[in-house]
Every structure is written in C-alpha cells, then in structure tokens.
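**Student:** If you scroll down you'll find the structure; I have some questions about it.
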Amino acid sequence: MIIDVNTYIGHWPFRQVSDSTPEGLVNLMDKSGIDMACVSNINAIFYRNVQDGNEELAQQISSCKEFKDRLIPFAIINPLYPGWKKDFIHCIDDLGMKGLELYPTYHQYNLANENAVELLNMAAERGIPVHLPCAIENIRQRHWMDTKEDITADSVARVLSLCPKTDFIITNGPSPDIANSLMPLSQKRQGKVYYDFSRVDLLFFRFDNFVKSVGADNVVFGSVMPLQYVDTQFAKLHFSKISDEDKEKIMYKNLKELLKI
Amino acid sequence: MDLFKKNKVVNWHEHVWFKPGTRELNVEQCDQLVQYANEVGMDILVCSLPIAGGMPTPEDVKLCNDTVALAMKRHPKVIKGMAFINPGYTREALDEIDRCINELGMIGIKLYNHYFASDPIVRPIIEKCIDLDIPMLWHAGKLTVNPQSQPFLSNGEHFAKVAQAYPEAVILHGHIGGGGDWHWSLKAMADYPNIFTDISGSVHDTSIIETTYKMMGADRMLFATDGSFASGIGKILGANIPEEDKIKILNNPRFERYLERGMK
C-alpha cells in the first residue's frame with residue numbers, strides 16, 4: 001500500500017499542468033500504484049478567499065465514491081483573512097477534511113503570527129496534522145508573479161515551541177537540513193514532525209542516510225503530483241537498502257496512523 | 001527500472017570532485033559514483049571537474065583535468081572525461097583542449113559560467129572544438145530568482161546566437177532541469193539543430209521531458225543526471241513519449257562517435 005502526502009488538484013498558474021482534476025490525479029495514482037493521497041486545491045492558494053477553494057475541493061471529492069475512498073482532503077487556511085477560524089472548523093467538522101495545509105510565503109505572514117499560532121493549536125486540539133509544503137516549484141525557476149521565498153527551518157522552529165502538541169508534516173524542501181536543524185526542538189515536544197524525501201537524492205546513500213538520521217517513523221511519501229514526476233520518488237525506494245519494514249512505514253504506515261485511516 | 005537494465009545508458013553530465021580541503025581526487029566518492037551507476041544500470045559516465053566561482057587560472061584548470069584523467073584511469077570502462085576550460089585565458093585554453101583531447105583521451109569540453117557562450121572571447125574555443133569535432137557542454141540555465149548569483153550564466157538565447165554564427169559547432173545545454181526557466185531556453189534553442197540538451201538536474205517537473213521532446217526532438221536530447229540520479233531516472237521513466245525515443249535519449253546515436261573517440 002502507498003499513501004502520498006503531497007498532491008494537488010486545481011490550476012497551477014505558471015505553467016501548463018495535465019491531470020490536475022480529481023480524475024486526472026486518480027489516473028496518475030493508478031498508473032503508479034498509489035492507493036490514497038492527501039490532496040489540496042491549488043486554487044485555494046491563489047483565491048483571495050481561500051475557503052472557496054476548499055469548498056471546490058470538498059464538492060469535487062464528494063461527487064464520486066472512488067474520490068471519497070482514495071483522496072484525503074486537506075484544508076488550506078489563510079489565518080490573516082476574516083473568518084479563518086470559522087472556515088477551519090467548517091472544513092474539519094462539516095466537510096470532513098483530515099488535515100490543515102499552510103502557505104505562509106504565498107499568503108505573506110510569519111508562521112509565528114498570533115493568528116497562525118492559534119490556528120496551529122486549534123489543529124492540535126482536534127487531532128488534525130498540519131502540512132507545510134516548503135515550496136511548490138523549484139525556487140530557481142519561479143515566475144515573476146510567484147513568491148520568491150520558501151518555508152525555512154527557522155520559520156518552523158519558532159512554532160514548534162509555541163505549538164508543542166501540533167503534528168507537522170514538512171515536505172518539498174531540503175528535508176535533511178531542516179530535520180537536522182529542528183531535531184533538538186522536535187525531540188522535546190509532544191507533537192511529532194514528519195518529513196518527505198521528495199528532494200533527497202539516492203546517490204551517495206543520501207536517501208538511506210536521511211532515513212537513518214531522522215528515523216523511519218518520521219518519514220512519509222510525498223510526490224507533488226501532478227506537478228512532478230512520481231517515478232523519481234519510486235527510484236529512491238527501489239534502490240534503497242533500508243529494511244522492508246522501514247519502507248512500509250514510509251510508504252503508508254506512518255500516515256495511516258497519523259491520519260487515523 | 002527495466003529500461004535502464006536492458007539498454008545501453010550513457011550519462012552525459014556527471015562530475016568527480018576533489019576530496020574536501022584538498023586538491024586530490026575524492027577516490028571514495030568517485031568509486032561510489034561508479035558503483036551506483038552500475039547498480040542503477042548506467043554504462044558510461046561522462047565526467048568533468050569544473051571550478052564554479054572566481055576566475056580559475058590555467059594551473060587550476062590543468063589540475064582539474066588531471067584529476068578527471070585519474071578518475072578515467074581508475075574506471076576506464078565507465079568514466080569518460082570532459083575537459084574543463086576557462087575561455088578567459090585564450091592561448092592556454094586552446095593548449096589545454098589539445099592536451100586533454102589528444103593526450104588524456106577526453107571527448108569534449110565543459111564550460112561553466114565565467115563568460116556567456118556568445119561572448120566574443122569564447123570564439124577561439126568554439127572554433128577549436130569545430131576543428132577537433134568535439135562537443136561543448138555548458139553549465140546553463142535561465143535563473144529567474146537571484147540571477148545575479150551567476151551573472152554570466154548562459155541560457156538558450158546565448159546558445160542560439162552561437163549556433164547561428166557557428167552552425168557546425170556542437171553545443172550541449174547542460175541540465176535543462178538544473179534550475180531556471182526551462183521553457184525559456186527550450187523556446188530559444190528549438191530552431192537550431194546544432195544545439196542539444198542534456199536532461200539532468202534536480203528539477204523533475206512533469207512535462208519537462210515531453211516539452212523538450214516536442215521542441216527539440218529525441219535526436220537532440222541526452223540522458224544525464226549531474227548528481228541527481230533519482231530525478232534523471234524518474235524523468236525518463238515518467239515521461240509520456242515513445243519507448244524507442246527514451247532508448248535513443250539514453251544513448252543518443254548522434255553522440256556515439258565521441259564515445260568511440262575517447263576509447264582510442
């Protein structure tokens with residue numbers, strides 16, 4: 001079984017992307033043998049009122065049994081925008097969303113902002129994990145209207161202390177460096193910190209060393225479909241020397257436990 | 001992964017490096033690179049050792065190339081060399097090309113970001129490569145964020161100017177997935193048949209291979225990794241292009257003669 005923590009539907013404004021509908025995403029999942037995927041709506045990042053994007057996502061997933069069974073919706077919330085608290089509660093309690101996803105560099109706030117901290121603590125109270133994609137596209141190719149920043153270890157470090165019970169999933173960034181920087185803080189908290197390996201290569205044992213250093217219990221599978229080729233992630237698992245037991249944790253067991261599915 | 005096991009795979013953009021804090025070949029890393037290549041199904045690694053910053057002297061350049069030559073001797077069946085050249089020292093650069101190709105058995109040259117490809121200072125180097133019938137691999141990309149970090153980094157537009165002036169030159173855009181606006185470079189290069197691109201780099205955006213294929217064709221694409229094995233493998237496996245063209249990219253027949261030359 002494979003559960004992918006980082007996928008999208010919706011329109012990416014800066015280049016043409018195929019398979020950006022729920023149908024397209026599920027087709028990609030079928031082709032690569034992925035059973036379930038956490039998914040958010042890219043439109044929500046770019047709408048002034050992000051909640052419209054969350055409603056779109058919920059509507060599209062609820063339109064088909066297969067989508068409901070295989071796509072796990074994550075709510076994107078902008079904690080600076082009016083109604084954010086009500087929107088978050090509605091997404092979790094009424095729309096059945098299983099995770100919270102934040103884009104501080106797009107919505108132009110600091111993660112340690114008072115509202116953001118309140119939101120992160122609300123997520124912990126409800127047992128909702130928080131997904132922090134460090135980036136969407138590689139920073140060196142950003143469109144002139146795209147953000148010029150990525151989420152950094154420093155910006156996460158402050159909220160690890162301010163929100164000690166919140167579970168974080170950090171993806172699509174320099175995971176070994178971020179994990180190394182956050183390790184002392186992570187170990188003192190009640191909430192867990194998970195990392196994907198989408199930007200860790202297999203060469204020179206980098207993937208294996210990363211898993212050893214953070215522990216297989218803290219690593220999850222994230223592909224960035226449909227914006228990135230998923231085969232890149234499979235190549236790492238294929239050539240890795242880590243145990244089958246650890247691979248299973250990474251491919252699905254950790255997320256299954258975290259998301260209670 | 002069968003595609004890699006069942007077909008000849010030539011990786012046109014890799015590196016060997018100095019051991020940290022020394023000016024000696026990092027033997028352990030070099031051996032691991034070859035071991036990994038063998039494991040994933042790459043048959044040939046075309047390697048160079050460029051100096052990215054500053055203005056390397058002819059002595060620096062020679063040391064880099066001697067180090068690559070050591071790696072070639074250590075793994076003669078796997079490692080082929082590309083000579084690192086700084087066009088800023090014209091006479092020494094031309095002598096170094098002769099030395100690397102004719103004495104050390106290298107098969108092309110590697111240029112970094114010391115000058116734009118279209119800078120007149122590079123012309124004697126281009127003409128020398130035409131005379132010797134060797135390809136020029138360029139560190140390349142169109143950086144959209146912090147472009148001042150590499151002010152003389154060439155992109156597709158620079159190569160187009162060179163291709164127009166020298167239609168007989170063989171220009172290889174390094175790492176189309178190396179970071180930067182790959183659409184920009186592809187659009188600029190598409191109409192020049194003597195510009196090729198390798199597919200290396202850590203960027204594995206969906207459609208990067210399909211777009212390169214559509215704009216340049218498999219005949220002008222070369223498999224490569226530049227330190228990102230998983231990305232290189234994933235891009236080829238995931239691309240929606242015919243299998244016979246994937247096989248062509250893995251060992252582009254138009255570049256085979258350079259490999260044979262290196263074997264002499």
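Ordered as shown in the structure tokens, chains take letters A, B, and onward, while each chain numbers its residues from 1 and ligands are numbered from 1 in the order shown.
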Skipping near chain neighbours, those fewer than 5 positions away, what residues fall within 9 Å of His183 of chain B using only C-alpha atoms, listed as a list in words?

**Tutor:**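 The neighbour list is Ala188, Ile208, Thr211 and Thr212 of chain B.
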
**Student:** What are the residues of chain B that have an atom within 6 Å of an atom of chain A, counting only C-alpha atoms, as a ChimeraX atom specification?

**Tutor:** /B:143-145,179-181,204-206,228,230-231,234,238

**Student:** Nearest to Gly177 of chain B among B:Ile199, B:Leu137, B:Val40, B:Ala165, with distances taken over only C-alpha atoms: which residue is it?

**Tutor:**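 Of the candidates, the smallest distance to Gly177 of chain B is held by B:Ile199.
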
**Student:** Between atom CA of Phe221 of chain A and atom CA of Ile2 of chain A, what is the spacing in Å?

**Tutor:**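 Rounded to one decimal, the two atoms are 7.9 Å apart.
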
**Student:** Find the spatial neighbours of His173 of chain B, counting only C-alpha atoms, within a cut-off of 10 Å - ignore same-chain residues fewer than 6 positions away - and output them as a list in words.

**Tutor:**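 In the requested form, the answer reads Met136, Leu137, Trp138, His139, Ala140, Gly141, Ser154, Asn155, Gly156, Phe159, Ser185, Leu186, Met189, Ile195, Phe196, Thr197, Asp198, Ile199, Met221 and Leu222 of chain B.
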
**Student:** Any chance you can output those residues with N, CA and C atoms as a PDB file, in the first residue's frame?

**Tutor:**
```pdb
ATOM      1  N   MET B 136      30.709  20.811 -26.946  1.00  0.00           N
ATOM      2  CA  MET B 136      30.921  21.751 -25.823  1.00  0.00           C
ATOM      3  C   MET B 136      29.737  21.615 -24.871  1.00  0.00           C
ATOM      4  N   LEU B 137      29.995  21.141 -23.673  1.00  0.00           N
ATOM      5  CA  LEU B 137      28.927  21.053 -22.656  1.00  0.00           C
ATOM      6  C   LEU B 137      28.984  22.320 -21.802  1.00  0.00           C
ATOM      7  N   TRP B 138      27.867  23.010 -21.743  1.00  0.00           N
ATOM      8  CA  TRP B 138      27.810  24.269 -20.987  1.00  0.00           C
ATOM      9  C   TRP B 138      26.959  24.127 -19.731  1.00  0.00           C
ATOM     10  N   HIS B 139      27.485  24.588 -18.623  1.00  0.00           N
ATOM     11  CA  HIS B 139      26.659  24.831 -17.432  1.00  0.00           C
ATOM     12  C   HIS B 139      25.668  25.924 -17.852  1.00  0.00           C
ATOM     13  N   ALA B 140      24.372  25.686 -17.676  1.00  0.00           N
ATOM     14  CA  ALA B 140      23.406  26.601 -18.282  1.00  0.00           C
ATOM     15  C   ALA B 140      22.119  26.705 -17.484  1.00  0.00           C
ATOM     16  N   GLY B 141      21.367  27.748 -17.740  1.00  0.00           N
ATOM     17  CA  GLY B 141      20.056  27.909 -17.108  1.00  0.00           C
ATOM     18  C   GLY B 141      19.603  29.356 -17.149  1.00  0.00           C
ATOM     19  N   SER B 154      24.985  31.202 -19.044  1.00  0.00           N
ATOM     20  CA  SER B 154      24.370  31.186 -20.383  1.00  0.00           C
ATOM     21  C   SER B 154      23.021  30.486 -20.344  1.00  0.00           C
ATOM     22  N   ASN B 155      22.116  30.958 -21.178  1.00  0.00           N
ATOM     23  CA  ASN B 155      20.837  30.264 -21.357  1.00  0.00           C
ATOM     24  C   ASN B 155      20.592  30.078 -22.852  1.00  0.00           C
ATOM     25  N   GLY B 156      19.448  29.559 -23.193  1.00  0.00           N
ATOM     26  CA  GLY B 156      19.148  29.225 -24.582  1.00  0.00           C
ATOM     27  C   GLY B 156      19.398  30.352 -25.569  1.00  0.00           C
ATOM     28  N   PHE B 159      23.021  30.442 -26.514  1.00  0.00           N
ATOM     29  CA  PHE B 159      23.405  29.328 -27.391  1.00  0.00           C
ATOM     30  C   PHE B 159      22.862  29.529 -28.807  1.00  0.00           C
ATOM     31  N   SER B 185      14.633  28.574 -22.225  1.00  0.00           N
ATOM     32  CA  SER B 185      15.770  28.071 -23.000  1.00  0.00           C
ATOM     33  C   SER B 185      15.317  27.192 -24.152  1.00  0.00           C
ATOM     34  N   LEU B 186      14.309  26.364 -23.905  1.00  0.00           N
ATOM     35  CA  LEU B 186      13.835  25.476 -24.980  1.00  0.00           C
ATOM     36  C   LEU B 186      13.292  26.291 -26.155  1.00  0.00           C
ATOM     37  N   MET B 189      16.138  27.786 -28.133  1.00  0.00           N
ATOM     38  CA  MET B 189      17.053  26.861 -28.824  1.00  0.00           C
ATOM     39  C   MET B 189      16.371  26.020 -29.893  1.00  0.00           C
ATOM     40  N   ILE B 195      22.117  22.643 -31.581  1.00  0.00           N
ATOM     41  CA  ILE B 195      22.070  22.735 -30.111  1.00  0.00           C
ATOM     42  C   ILE B 195      21.358  21.500 -29.573  1.00  0.00           C
ATOM     43  N   PHE B 196      21.984  20.890 -28.589  1.00  0.00           N
ATOM     44  CA  PHE B 196      21.434  19.705 -27.928  1.00  0.00           C
ATOM     45  C   PHE B 196      21.207  20.067 -26.457  1.00  0.00           C
ATOM     46  N   THR B 197      20.460  19.240 -25.758  1.00  0.00           N
ATOM     47  CA  THR B 197      20.375  19.466 -24.306  1.00  0.00           C
ATOM     48  C   THR B 197      20.476  18.148 -23.566  1.00  0.00           C
ATOM     49  N   ASP B 198      21.142  18.204 -22.406  1.00  0.00           N
ATOM     50  CA  ASP B 198      21.050  17.024 -21.544  1.00  0.00           C
ATOM     51  C   ASP B 198      19.908  17.261 -20.567  1.00  0.00           C
ATOM     52  N   ILE B 199      19.377  16.168 -20.034  1.00  0.00           N
ATOM     53  CA  ILE B 199      18.139  16.267 -19.249  1.00  0.00           C
ATOM     54  C   ILE B 199      18.405  16.300 -17.745  1.00  0.00           C
ATOM     55  N   MET B 221      18.355  15.196 -27.553  1.00  0.00           N
ATOM     56  CA  MET B 221      18.285  15.051 -26.097  1.00  0.00           C
ATOM     57  C   MET B 221      19.250  13.968 -25.628  1.00  0.00           C
ATOM     58  N   LEU B 222      19.934  14.229 -24.535  1.00  0.00           N
ATOM     59  CA  LEU B 222      20.873  13.245 -23.990  1.00  0.00           C
ATOM     60  C   LEU B 222      20.564  12.986 -22.523  1.00  0.00           C
TER      61      LEU B 222
END
```
